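Trainee: This is the content of my_file00.cif (mmCIF, C-alpha atoms):
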data_run
#
loop_
_atom_site.label_atom_id
_atom_site.label_comp_id
_atom_site.auth_asym_id
_atom_site.auth_seq_id
_atom_site.Cartn_x
_atom_site.Cartn_y
_atom_site.Cartn_z
CA MET A 20 7.57 -16.86 19.99
CA SER A 21 4.60 -14.48 20.14
CA VAL A 22 4.77 -10.71 19.68
CA ASP A 23 4.42 -8.61 22.82
CA VAL A 24 3.17 -5.03 22.37
CA ARG A 25 3.95 -2.60 25.20
CA LYS A 26 3.05 0.99 25.95
CA VAL A 27 5.93 3.46 25.96
CA SER A 28 6.02 4.83 29.50
CA SER A 29 9.63 5.67 30.38
CA TRP A 30 12.69 7.41 28.98
CA ARG A 31 14.21 4.02 28.18
CA ASP A 32 11.05 2.99 26.30
CA ARG A 33 11.07 6.19 24.25
CA ARG A 34 14.74 5.76 23.41
CA ALA A 35 13.96 2.29 22.05
CA PHE A 36 11.04 3.77 20.09
CA VAL A 37 13.28 6.43 18.53
CA ASP A 38 16.19 4.08 17.87
CA LEU A 39 14.28 1.38 15.97
CA PRO A 40 14.41 2.83 12.41
CA TYR A 41 18.17 3.48 12.70
CA ARG A 42 18.62 -0.25 13.20
CA LEU A 43 15.96 -1.39 10.71
CA HIS A 44 17.23 0.78 7.86
CA SER A 45 20.96 0.95 8.60
CA ASN A 46 21.80 -0.87 5.35
CA GLU A 47 19.22 0.90 3.19
CA PRO A 48 21.00 3.40 0.89
CA MET A 49 17.85 5.50 0.33
CA TRP A 50 16.97 6.03 4.00
CA VAL A 51 18.15 9.32 5.55
CA PRO A 52 18.70 9.21 9.33
CA PRO A 53 17.06 12.20 11.05
CA LEU A 54 18.76 13.89 13.98
CA ARG A 55 18.12 11.77 17.05
CA LEU A 56 17.93 14.89 19.21
CA GLU A 57 15.20 16.32 17.00
CA ARG A 58 13.23 13.05 17.06
CA HIS A 59 13.33 12.94 20.86
CA SER A 60 12.21 16.57 21.18
CA PHE A 61 9.40 16.02 18.66
CA LEU A 62 7.95 13.38 20.98
CA MET A 63 8.17 15.54 24.11
CA ARG A 64 5.28 17.65 25.35
CA PRO A 65 7.29 20.85 26.03
CA PHE A 66 8.60 20.97 22.44
CA ASN A 67 5.61 19.93 20.32
CA ALA A 68 2.42 21.98 20.14
CA PHE A 69 0.38 18.87 19.24
CA PHE A 70 0.43 17.63 22.83
CA ALA A 71 -1.60 20.67 23.94
CA GLU A 72 -4.39 19.70 21.53
CA GLY A 73 -4.29 15.91 21.34
CA GLU A 74 -3.88 12.60 23.13
CA VAL A 75 -0.97 10.28 22.31
CA GLN A 76 0.05 6.73 23.16
CA LEU A 77 3.24 5.21 21.77
CA PHE A 78 3.70 1.45 21.47
CA THR A 79 6.64 -0.86 20.80
CA ALA A 80 6.42 -4.48 19.66
CA HIS A 81 8.87 -7.04 21.10
CA ARG A 82 9.85 -10.51 20.06
CA GLU A 83 12.38 -12.54 22.07
CA GLY A 84 13.34 -9.44 24.05
CA ARG A 85 14.08 -7.35 20.95
CA VAL A 86 12.12 -4.34 19.67
CA VAL A 87 10.79 -5.26 16.22
CA GLY A 88 8.15 -2.60 15.61
CA ARG A 89 6.59 0.64 16.77
CA ILE A 90 3.42 2.69 16.24
CA SER A 91 1.57 5.63 17.75
CA ALA A 92 -2.15 5.90 18.39
CA HIS A 93 -3.30 9.49 18.74
CA ILE A 94 -6.38 11.68 18.75
CA ASP A 95 -6.34 15.18 17.30
CA HIS A 96 -9.16 17.04 19.01
CA THR A 97 -8.65 20.08 16.77
CA LEU A 98 -9.09 17.88 13.68
CA ASN A 99 -12.18 16.23 15.15
CA ALA A 100 -13.77 19.58 16.05
CA HIS A 101 -13.00 21.22 12.71
CA GLN A 102 -13.97 18.25 10.53
CA ARG A 103 -16.84 17.19 12.80
CA ASN A 104 -15.68 13.59 12.87
CA ARG A 105 -14.49 10.93 15.31
CA TRP A 106 -11.33 9.89 13.54
CA GLY A 107 -8.52 8.24 15.42
CA LEU A 108 -5.02 8.37 13.96
CA PHE A 109 -1.87 6.28 13.88
CA GLY A 110 1.69 7.15 12.93
CA PHE A 111 5.44 6.66 13.40
CA LEU A 112 5.06 3.20 11.86
CA GLU A 113 8.31 1.22 11.68
CA LEU A 114 8.47 -2.55 11.73
CA ALA A 115 10.31 -5.66 10.64
CA ASP A 116 9.05 -7.65 7.65
CA ASP A 117 6.74 -9.78 9.79
CA PRO A 118 2.93 -10.00 9.40
CA GLU A 119 2.52 -10.96 13.06
CA VAL A 120 4.29 -7.77 14.14
CA ALA A 121 2.09 -5.70 11.83
CA ALA A 122 -1.10 -7.34 13.12
CA ALA A 123 -0.07 -6.82 16.74
CA LEU A 124 0.79 -3.14 16.25
CA PHE A 125 -2.34 -2.30 14.25
CA GLY A 126 -4.43 -4.18 16.78
CA ALA A 127 -2.96 -2.34 19.77
CA ALA A 128 -3.46 1.06 18.16
CA ALA A 129 -7.01 0.20 17.07
CA ASP A 130 -7.97 -1.06 20.55
CA TRP A 131 -6.64 2.12 22.19
CA LEU A 132 -8.57 4.35 19.77
CA ARG A 133 -11.76 2.27 19.93
CA ALA A 134 -11.76 2.52 23.73
CA ARG A 135 -11.80 6.32 23.31
CA GLY A 136 -14.79 6.41 21.04
CA ARG A 137 -13.07 6.68 17.65
CA ASP A 138 -14.95 5.25 14.68
CA ARG A 139 -11.91 4.63 12.44
CA MET A 140 -8.11 4.61 12.49
CA ILE A 141 -6.38 6.65 9.75
CA GLY A 142 -2.70 7.05 8.98
CA PRO A 143 0.14 6.98 9.14
CA MET A 144 0.68 10.61 10.06
CA ASP A 145 3.23 11.87 12.58
CA PHE A 146 1.09 13.54 14.13
CA ARG A 147 -0.79 15.48 11.42
CA MET A 148 -0.97 15.45 7.65
CA ASN A 149 1.57 18.28 7.45
CA ASP A 150 4.08 16.12 9.30
CA GLU A 151 5.50 12.97 7.73
CA SER A 152 2.47 11.16 6.33
CA GLY A 153 1.63 8.09 4.31
CA ILE A 154 3.39 4.87 3.35
CA LEU A 155 5.69 5.04 0.33
CA VAL A 156 4.10 2.91 -2.41
CA ASP A 157 6.02 4.14 -5.45
CA GLY A 158 9.44 5.76 -5.90
CA TYR A 159 11.61 3.57 -3.70
CA ASP A 160 14.73 4.43 -5.69
CA VAL A 161 14.36 8.22 -5.27
CA PRO A 162 16.09 9.77 -2.23
CA PRO A 163 13.56 11.19 0.25
CA ILE A 164 13.40 14.96 0.46
CA ILE A 165 13.13 16.93 3.70
CA ARG A 166 10.23 15.93 5.98
CA MET A 167 9.18 13.00 3.81
CA ASN A 168 9.17 9.33 4.72
CA TRP A 169 11.03 6.49 3.06
CA HIS A 170 9.90 2.88 3.49
CA PRO A 171 11.00 -0.41 1.94
CA PRO A 172 8.37 -2.08 -0.29
CA TYR A 173 7.26 -4.58 2.35
CA TYR A 174 5.60 -1.80 4.40
CA LYS A 175 2.91 -1.47 1.72
CA ALA A 176 2.38 -5.22 1.65
CA LEU A 177 2.07 -5.44 5.44
CA CYS A 178 -0.45 -2.61 5.54
CA GLU A 179 -2.60 -4.10 2.82
CA THR A 180 -2.55 -7.62 4.24
CA GLY A 181 -2.97 -6.29 7.77
CA GLY A 182 -6.55 -5.11 7.49
CA LEU A 183 -5.96 -1.57 6.22
CA ASP A 184 -7.66 -0.02 3.20
CA LYS A 185 -6.55 2.85 1.00
CA VAL A 186 -7.98 6.30 1.72
CA VAL A 187 -5.99 8.56 -0.63
CA ASP A 188 -2.60 8.87 -2.33
CA LEU A 189 -0.25 11.82 -1.96
CA TYR A 190 1.93 12.79 -4.94
CA MET A 191 5.44 14.23 -5.00
CA TRP A 192 6.25 15.99 -8.28
CA ASN A 193 9.80 16.56 -9.49
CA LEU A 194 10.62 19.77 -11.39
CA VAL A 195 13.97 20.01 -13.17
CA ILE A 196 15.41 23.52 -13.56
CA SER A 197 16.86 22.69 -16.98
CA ASP A 198 13.33 21.82 -18.17
CA ARG A 199 12.22 25.43 -17.95
CA GLU A 200 11.95 25.74 -21.72
CA GLN A 201 9.42 22.89 -21.67
CA MET A 202 7.10 24.88 -19.42
CA LEU A 203 3.81 25.79 -21.12
CA PRO A 204 4.12 29.37 -22.46
CA ILE A 205 0.87 30.34 -20.76
CA LEU A 206 2.51 30.24 -17.32
CA PRO A 207 5.02 33.08 -17.87
CA ASP A 208 2.24 35.06 -19.57
CA MET A 209 -0.05 34.56 -16.57
CA ALA A 210 2.75 35.52 -14.20
CA GLU A 211 3.33 38.77 -16.08
CA LYS A 212 -0.38 39.60 -16.14
CA ALA A 213 -0.62 38.99 -12.38
CA VAL A 214 1.66 42.00 -12.02
CA THR A 215 0.60 44.21 -14.94
CA ASP A 216 -3.16 43.55 -15.01
CA HIS A 217 -3.91 42.74 -11.39
CA GLY A 218 -1.27 44.76 -9.56
CA MET A 219 0.10 41.82 -7.59
CA LYS A 220 3.46 42.16 -5.86
CA LEU A 221 5.71 39.30 -4.81
CA ARG A 222 8.01 39.87 -1.86
CA THR A 223 10.18 37.64 0.30
CA MET A 224 9.54 37.06 3.99
CA SER A 225 11.66 38.63 6.69
CA ARG A 226 13.62 36.26 8.89
CA ARG A 227 13.75 38.85 11.65
CA HIS A 228 9.96 39.08 11.64
CA LEU A 229 9.27 35.47 10.74
CA ARG A 230 6.75 34.94 13.52
CA ARG A 231 4.72 37.90 12.26
CA GLU A 232 5.01 36.63 8.70
CA LEU A 233 3.58 33.30 9.81
CA ASP A 234 0.37 35.08 10.78
CA LEU A 235 0.00 35.81 7.06
CA PHE A 236 0.86 32.19 6.30
CA ALA A 237 -1.91 31.02 8.65
CA GLU A 238 -4.41 33.45 7.14
CA ILE A 239 -3.76 32.10 3.65
CA TYR A 240 -3.31 28.46 4.65
CA ASN A 241 -6.47 28.36 6.77
CA GLU A 242 -8.48 29.67 3.83
CA ALA A 243 -6.77 28.08 0.81
CA TRP A 244 -6.36 24.58 2.30
CA ARG A 245 -9.57 24.40 4.35
CA LYS A 246 -11.27 21.91 1.99
CA ASN A 247 -8.27 19.56 1.84
CA PHE A 248 -8.44 16.08 3.26
CA GLY A 249 -7.20 16.04 6.85
CA PHE A 250 -7.03 19.84 7.10
CA VAL A 251 -6.42 21.32 10.54
CA PRO A 252 -6.22 25.12 10.97
CA TYR A 253 -3.02 26.55 12.39
CA THR A 254 -3.43 28.07 15.86
CA GLU A 255 -1.35 30.70 17.64
CA HIS A 256 0.30 27.92 19.64
CA ASP A 257 1.16 26.05 16.45
CA LEU A 258 2.65 29.17 14.86
CA ASP A 259 4.81 29.97 17.89
CA ALA A 260 6.39 26.51 17.64
CA TYR A 261 6.58 26.59 13.83
CA ALA A 262 8.43 29.92 13.84
CA GLN A 263 11.18 28.38 15.96
CA GLU A 264 11.37 25.27 13.79
CA LEU A 265 11.59 27.25 10.55
CA GLN A 266 14.61 29.28 11.64
CA LEU A 267 16.83 26.39 10.54
CA ALA A 268 15.05 25.99 7.19
CA TYR A 269 14.50 29.69 6.36
CA ASP A 270 15.67 30.76 2.92
CA LYS A 271 15.21 34.37 1.81
CA ASP A 272 14.78 33.43 -1.85
CA PHE A 273 12.05 30.85 -1.30
CA PHE A 274 9.88 32.14 1.57
CA MET A 275 7.48 34.42 -0.33
CA VAL A 276 4.17 36.28 -0.08
CA VAL A 277 2.11 37.77 -2.90
CA GLU A 278 0.08 40.85 -1.97
CA ASP A 279 -2.71 42.60 -3.84
CA PRO A 280 -2.60 46.35 -4.73
CA ASN A 281 -3.94 47.16 -1.26
CA GLY A 282 -1.19 45.22 0.47
CA GLU A 283 -3.50 42.36 1.46
CA PRO A 284 -1.96 38.86 1.40
CA ALA A 285 -3.31 36.85 -1.53
CA GLY A 286 -0.91 33.91 -1.96
CA LEU A 287 2.12 32.36 -0.35
CA ALA A 288 4.83 29.74 -0.76
CA LEU A 289 7.19 28.20 1.75
CA THR A 290 9.98 26.30 0.02
CA PHE A 291 12.76 24.59 1.93
CA PRO A 292 16.32 23.70 0.98
CA ASP A 293 16.59 19.92 1.16
CA LEU A 294 18.29 19.51 4.52
CA ASN A 295 18.14 15.74 4.01
CA GLN A 296 21.17 16.13 1.77
CA VAL A 297 23.25 17.32 4.72
CA LEU A 298 21.51 15.07 7.27
CA ARG A 299 22.69 12.09 5.26
CA GLU A 300 26.25 13.30 5.79
CA MET A 301 25.61 13.82 9.52
CA ASN A 302 24.24 10.28 10.02
CA GLY A 303 21.76 11.45 12.65
CA LYS A 304 24.37 12.98 14.96
CA LEU A 305 25.59 16.47 15.82
CA LEU A 306 28.82 15.13 17.32
CA PRO A 307 31.64 14.89 16.69
CA LEU A 308 31.49 16.60 13.24
CA GLY A 309 27.80 16.74 12.39
CA TRP A 310 27.48 20.36 13.53
CA TRP A 311 30.33 21.38 11.19
CA LYS A 312 28.67 19.69 8.23
CA PHE A 313 25.40 21.44 9.05
CA LEU A 314 27.10 24.84 9.12
CA ARG A 315 28.52 24.06 5.67
CA ARG A 316 25.17 22.75 4.39
CA LYS A 317 25.15 24.90 1.24
CA LYS A 318 27.97 22.71 -0.04
CA TYR A 319 25.67 19.68 -0.08
CA ILE A 320 22.29 21.10 -1.11
CA ASP A 321 21.22 21.41 -4.76
CA ARG A 322 17.47 20.85 -4.50
CA VAL A 323 14.45 22.21 -2.66
CA ARG A 324 11.03 21.08 -1.51
CA VAL A 325 8.02 23.29 -2.22
CA GLY A 326 6.15 22.49 0.97
CA PHE A 327 3.31 25.01 0.81
CA LEU A 328 2.05 26.97 -2.18
CA GLY A 329 -1.45 28.32 -2.03
CA VAL A 330 -3.72 31.15 -3.11
CA LYS A 331 -6.83 32.48 -1.43
CA PRO A 332 -9.92 31.35 -3.38
CA GLU A 333 -10.95 34.87 -4.42
CA TYR A 334 -7.56 35.40 -6.12
CA GLN A 335 -7.20 32.04 -7.87
CA HIS A 336 -7.82 33.40 -11.38
CA THR A 337 -5.32 36.27 -11.21
CA GLY A 338 -2.14 34.35 -12.12
CA ILE A 339 -0.64 34.43 -8.62
CA ALA A 340 0.26 30.72 -8.66
CA ALA A 341 2.03 31.17 -12.01
CA LEU A 342 3.90 34.17 -10.59
CA MET A 343 5.22 32.02 -7.74
CA TYR A 344 6.03 29.11 -10.07
CA VAL A 345 8.14 31.35 -12.31
CA HIS A 346 9.86 32.90 -9.30
CA HIS A 347 10.90 29.41 -8.17
CA PHE A 348 12.52 28.72 -11.52
CA ASP A 349 14.28 32.11 -11.47
CA MET A 350 15.69 31.49 -8.01
CA GLY A 351 16.68 27.94 -8.91
CA VAL A 352 18.77 29.24 -11.79
CA LYS A 353 20.26 31.99 -9.61
CA ARG A 354 21.28 29.53 -6.89
CA GLY A 355 22.53 26.80 -9.19
CA PHE A 356 19.96 24.28 -7.98
CA MET A 357 19.33 21.26 -10.19
CA HIS A 358 15.75 20.41 -9.29
CA GLY A 359 13.06 20.42 -6.63
CA GLU A 360 10.06 18.45 -5.46
CA MET A 361 6.57 19.83 -5.01
CA GLY A 362 4.23 18.28 -2.52
CA TRP A 363 2.78 16.40 -1.20
CA ILE A 364 -0.28 17.03 -3.41
CA LEU A 365 -3.49 15.06 -2.97
CA GLU A 366 -4.39 12.86 -5.93
CA THR A 367 -7.79 14.60 -5.84
CA ASN A 368 -6.32 18.12 -6.24
CA LYS A 369 -6.85 18.42 -9.97
CA ALA A 370 -5.85 22.10 -10.22
CA MET A 371 -2.45 21.65 -8.57
CA ASN A 372 -1.71 18.46 -10.46
CA ARG A 373 -2.54 20.19 -13.75
CA GLY A 374 -0.19 23.01 -12.72
CA MET A 375 2.63 20.53 -12.19
CA GLU A 376 1.99 19.00 -15.61
CA ALA A 377 2.08 22.49 -17.17
CA MET A 378 5.57 22.95 -15.76
CA ASN A 379 6.70 19.63 -17.27
CA GLY A 380 6.84 18.00 -13.86
CA ARG A 381 6.58 14.28 -13.25
CA ILE A 382 5.37 12.26 -10.30
CA VAL A 383 8.36 10.59 -8.66
CA LYS A 384 6.84 9.32 -5.42
CA ARG A 385 3.43 8.26 -4.14
CA PHE A 386 2.52 7.94 -0.49
CA ARG A 387 -0.65 6.19 0.63
CA VAL A 388 -2.86 7.00 3.61
CA TYR A 389 -4.77 4.00 4.99
CA GLU A 390 -7.65 3.37 7.33
CA ARG A 391 -9.26 0.65 9.41
CA LEU A 392 -12.91 1.05 10.37
CA LEU A 393 -13.51 0.58 14.09
CA GLU A 394 -17.30 0.60 13.94
CA ASP A 395 -19.37 -1.53 11.56
CA ASP A 396 -21.49 1.38 10.33
CA ALA A 397 -18.61 3.85 9.79
CA ALA A 398 -18.44 5.10 6.20
CA PRO A 399 -15.02 5.09 4.46
CA ALA A 400 -13.16 8.40 4.73
CA ALA A 401 -11.86 8.56 1.13
CA PRO A 402 -12.16 12.11 -0.28
CA LYS A 403 -14.18 12.67 -3.42
CA GLY A 404 -12.20 11.76 -6.52
CA ALA A 405 -9.69 9.44 -4.84
CA ALA A 406 -8.64 6.64 -7.15
CA PRO A 407 -8.99 3.01 -6.00
CA ALA A 408 -5.88 1.15 -4.90
#
Would it be possible to restate this file's structure as structure tokens?

Mentor:
Amino acid sequence: MSVDVRKVSSWRDRRAFVDLPYRLHSNEPMWVPPLRLERHSFLMRPFNAFFAEGEVQLFTAHREGRVVGRISAHIDHTLNAHQRNRWGLFGFLELADDPEVAAALFGAAADWLRARGRDRMIGPMDFRMNDESGILVDGYDVPPIIRMNWHPPYYKALCETGGLDKVVDLYMWNLVISDREQMLPILPDMAEKAVTDHGMKLRTMSRRHLRRELDLFAEIYNEAWRKNFGFVPYTEHDLDAYAQELQLAYDKDFFMVVEDPNGEPAGLALTFPDLNQVLREMNGKLLPLGWWKFLRRKKYIDRVRVGFLGVKPEYQHTGIAALMYVHHFDMGVKRGFMHGEMGWILETNKAMNRGMEAMNGRIVKRFRVYERLLEDDAAPAAPKGAAPA
């Protein structure tokens, strides 16, 4: 029986869209079920700043009356304006191991984007690169950390036989606290000189004033990350929503800003306790006992994710990054954490990848961003330095 792809247009449709991965991956020990309530709110205009800046269409694929796949097609007008491109995007990819389902989903998303003047389809990203992005292509046996995807190996195969080409890989680096002695000696020396020679000061962010602190985050992010693939600057609207979201992930030891002698922000890191470790125990539900497990989350969490760590370009030779690296190790020892993951980091970001090597890190996961050209004369979007598949 053929595959029927339908637009999501009702509450019942969206519930089926959200529910699919819980059924597909119910027997997969590595998959961590997100909170259903959070997934629904993420897809609702009043609760997600993306909808004020983009266009979205969700699709579900059906075979014999059963939902067997899903995808989004979306346009990020902020991305297009900033990057001066006509990219279309896809995301939220979940599907059965069936090439016909993959072809139908990719085709529906591509047709929707082509009709709106997009010259290529890039993804997956849910909805932007700083959300869950990429298809897992290496590291299937490593539990996913907070806000990172997990996919079975057949997803990669279906993408690569379904008319998609690699754009770039995203690396996740694992850092083990007990490996601190293996860190290159130059890093602690650089961290010390950042303070003694350059007058830098590291401080933690205030939870009470988190929204104001995020203005500093945006100032640094919008400058330090502006040349990254898929970069979109944070807006006031984005920051308002992000401040609310981060209240649950805030950690006084790992939300940090480095300021120069004049009190100007020079670097920043946002590192999150791995809430996936408690979400696994909650099984996607707040009731009946999920809320109690969340309140006792410190019992379950022994690792962190370094989500953002960046330095303004004019300060990149002052040792600020090393100062933040060393602070992470210090806090990890203080809190009794075992390890953490850093990333994602673009495969083309040589400086950050060298920094991870200097700390004796190792790549434990790779995620791949794909594209399909929608116009014959569209040039591939791969960033400079991206390795071939």

Trainee: In terms of the shortest atom-to-atom distance over all atoms listed in the file, which of A:Lys369, A:Arg381, A:Arg82, A:Lys212 is closest to Val195 in chain A?

Mentor: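 Result for the nearest residue to Val195 in chain A: A:Arg381.
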
Trainee: Go through A:Ile141, A:Met343, A:Ile364, A:Met191 and flag the residue nearest Trp244 in chain A, using all atoms listed in the file for the distances.

Mentor: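 Under the stated criterion, the closest residue is A:Ile364.
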
Trainee: Spell out the residues picked by the PyMOL selection byres ((chain A and resi 144) around 12) here, as a PyMOL selection string.

Mentor: chain A and resi 90-95+107-112+140-143+145-154+166-168+249+386-390

Trainee: The PyMOL selection byres ((chain A and resi 349-352) around 9) on the file shown: which residues, as a list in words?

Mentor: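 Evaluating the PyMOL selection byres ((chain A and resi 349-352) around 9) on this file yields Ile196, Ser197, Asp272, Phe273, Asp321, Arg322, Val323, Tyr344, Val345, His346, His347, Phe348, Lys353, Arg354, Gly355, Phe356, Met357, His358 and Gly359 of chain A.
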
Trainee: Report, in Å to a single decimal, how far apart CA of His96 in chain A and CA of Asp257 in chain A are.

Mentor: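 So the answer is 13.9 Å.
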
Trainee: Supply range 283-307 of chain A as a PDB file, in the frame of the given file, with N, CA and C atoms built in where the input has gaps.

Mentor:
ATOM      1  N   GLU A 283      -2.895  43.500   0.789  1.00  0.00           N
ATOM      2  CA  GLU A 283      -3.500  42.360   1.460  1.00  0.00           C
ATOM      3  C   GLU A 283      -2.864  41.060   0.952  1.00  0.00           C
ATOM      4  N   PRO A 284      -2.561  40.123   1.844  1.00  0.00           N
ATOM      5  CA  PRO A 284      -1.960  38.860   1.400  1.00  0.00           C
ATOM      6  C   PRO A 284      -2.932  38.054   0.553  1.00  0.00           C
ATOM      7  N   ALA A 285      -2.458  37.595  -0.594  1.00  0.00           N
ATOM      8  CA  ALA A 285      -3.310  36.850  -1.530  1.00  0.00           C
ATOM      9  C   ALA A 285      -2.805  35.437  -1.794  1.00  0.00           C
ATOM     10  N   GLY A 286      -1.496  35.227  -1.720  1.00  0.00           N
ATOM     11  CA  GLY A 286      -0.910  33.910  -1.960  1.00  0.00           C
ATOM     12  C   GLY A 286       0.420  33.805  -1.244  1.00  0.00           C
ATOM     13  N   LEU A 287       0.909  32.583  -1.151  1.00  0.00           N
ATOM     14  CA  LEU A 287       2.120  32.360  -0.350  1.00  0.00           C
ATOM     15  C   LEU A 287       2.778  31.046  -0.739  1.00  0.00           C
ATOM     16  N   ALA A 288       4.088  30.999  -0.598  1.00  0.00           N
ATOM     17  CA  ALA A 288       4.830  29.740  -0.760  1.00  0.00           C
ATOM     18  C   ALA A 288       5.928  29.670   0.290  1.00  0.00           C
ATOM     19  N   LEU A 289       6.065  28.514   0.874  1.00  0.00           N
ATOM     20  CA  LEU A 289       7.190  28.200   1.750  1.00  0.00           C
ATOM     21  C   LEU A 289       7.939  27.042   1.110  1.00  0.00           C
ATOM     22  N   THR A 290       9.150  27.307   0.684  1.00  0.00           N
ATOM     23  CA  THR A 290       9.980  26.300   0.020  1.00  0.00           C
ATOM     24  C   THR A 290      11.269  26.143   0.794  1.00  0.00           C
ATOM     25  N   PHE A 291      11.663  24.885   1.017  1.00  0.00           N
ATOM     26  CA  PHE A 291      12.760  24.590   1.930  1.00  0.00           C
ATOM     27  C   PHE A 291      13.939  23.959   1.202  1.00  0.00           C
ATOM     28  N   PRO A 292      15.150  24.437   1.468  1.00  0.00           N
ATOM     29  CA  PRO A 292      16.320  23.700   0.980  1.00  0.00           C
ATOM     30  C   PRO A 292      16.268  22.275   1.523  1.00  0.00           C
ATOM     31  N   ASP A 293      16.702  21.315   0.757  1.00  0.00           N
ATOM     32  CA  ASP A 293      16.590  19.920   1.160  1.00  0.00           C
ATOM     33  C   ASP A 293      17.675  19.573   2.188  1.00  0.00           C
ATOM     34  N   LEU A 294      17.333  19.796   3.450  1.00  0.00           N
ATOM     35  CA  LEU A 294      18.290  19.510   4.520  1.00  0.00           C
ATOM     36  C   LEU A 294      18.611  18.028   4.621  1.00  0.00           C
ATOM     37  N   ASN A 295      17.802  17.169   4.004  1.00  0.00           N
ATOM     38  CA  ASN A 295      18.140  15.740   4.010  1.00  0.00           C
ATOM     39  C   ASN A 295      19.495  15.484   3.367  1.00  0.00           C
ATOM     40  N   GLN A 296      19.894  16.341   2.442  1.00  0.00           N
ATOM     41  CA  GLN A 296      21.170  16.130   1.770  1.00  0.00           C
ATOM     42  C   GLN A 296      22.351  16.317   2.727  1.00  0.00           C
ATOM     43  N   VAL A 297      22.189  17.177   3.726  1.00  0.00           N
ATOM     44  CA  VAL A 297      23.250  17.320   4.720  1.00  0.00           C
ATOM     45  C   VAL A 297      23.032  16.352   5.885  1.00  0.00           C
ATOM     46  N   LEU A 298      21.763  16.035   6.208  1.00  0.00           N
ATOM     47  CA  LEU A 298      21.510  15.070   7.270  1.00  0.00           C
ATOM     48  C   LEU A 298      22.101  13.705   6.924  1.00  0.00           C
ATOM     49  N   ARG A 299      22.069  13.357   5.665  1.00  0.00           N
ATOM     50  CA  ARG A 299      22.690  12.090   5.260  1.00  0.00           C
ATOM     51  C   ARG A 299      24.172  12.071   5.630  1.00  0.00           C
ATOM     52  N   GLU A 300      24.832  13.211   5.446  1.00  0.00           N
ATOM     53  CA  GLU A 300      26.250  13.300   5.790  1.00  0.00           C
ATOM     54  C   GLU A 300      26.469  13.269   7.293  1.00  0.00           C
ATOM     55  N   MET A 301      25.481  13.747   8.061  1.00  0.00           N
ATOM     56  CA  MET A 301      25.610  13.820   9.520  1.00  0.00           C
ATOM     57  C   MET A 301      25.299  12.494  10.197  1.00  0.00           C
ATOM     58  N   ASN A 302      24.580  11.603   9.491  1.00  0.00           N
ATOM     59  CA  ASN A 302      24.240  10.280  10.020  1.00  0.00           C
ATOM     60  C   ASN A 302      23.492  10.356  11.345  1.00  0.00           C
ATOM     61  N   GLY A 303      22.614  11.359  11.474  1.00  0.00           N
ATOM     62  CA  GLY A 303      21.760  11.450  12.650  1.00  0.00           C
ATOM     63  C   GLY A 303      22.406  12.040  13.881  1.00  0.00           C
ATOM     64  N   LYS A 304      23.639  12.535  13.773  1.00  0.00           N
ATOM     65  CA  LYS A 304      24.370  12.980  14.960  1.00  0.00           C
ATOM     66  C   LYS A 304      24.957  14.370  14.766  1.00  0.00           C
ATOM     67  N   LEU A 305      24.916  15.168  15.826  1.00  0.00           N
ATOM     68  CA  LEU A 305      25.590  16.470  15.820  1.00  0.00           C
ATOM     69  C   LEU A 305      27.073  16.330  16.126  1.00  0.00           C
ATOM     70  N   LEU A 306      27.432  15.315  16.902  1.00  0.00           N
ATOM     71  CA  LEU A 306      28.820  15.130  17.320  1.00  0.00           C
ATOM     72  C   LEU A 306      29.386  13.843  16.710  1.00  0.00           C
ATOM     73  N   PRO A 307      30.688  13.806  16.423  1.00  0.00           N
ATOM     74  CA  PRO A 307      31.640  14.890  16.690  1.00  0.00           C
ATOM     75  C   PRO A 307      31.699  15.972  15.603  1.00  0.00           C
TER      76      PRO A 307
END
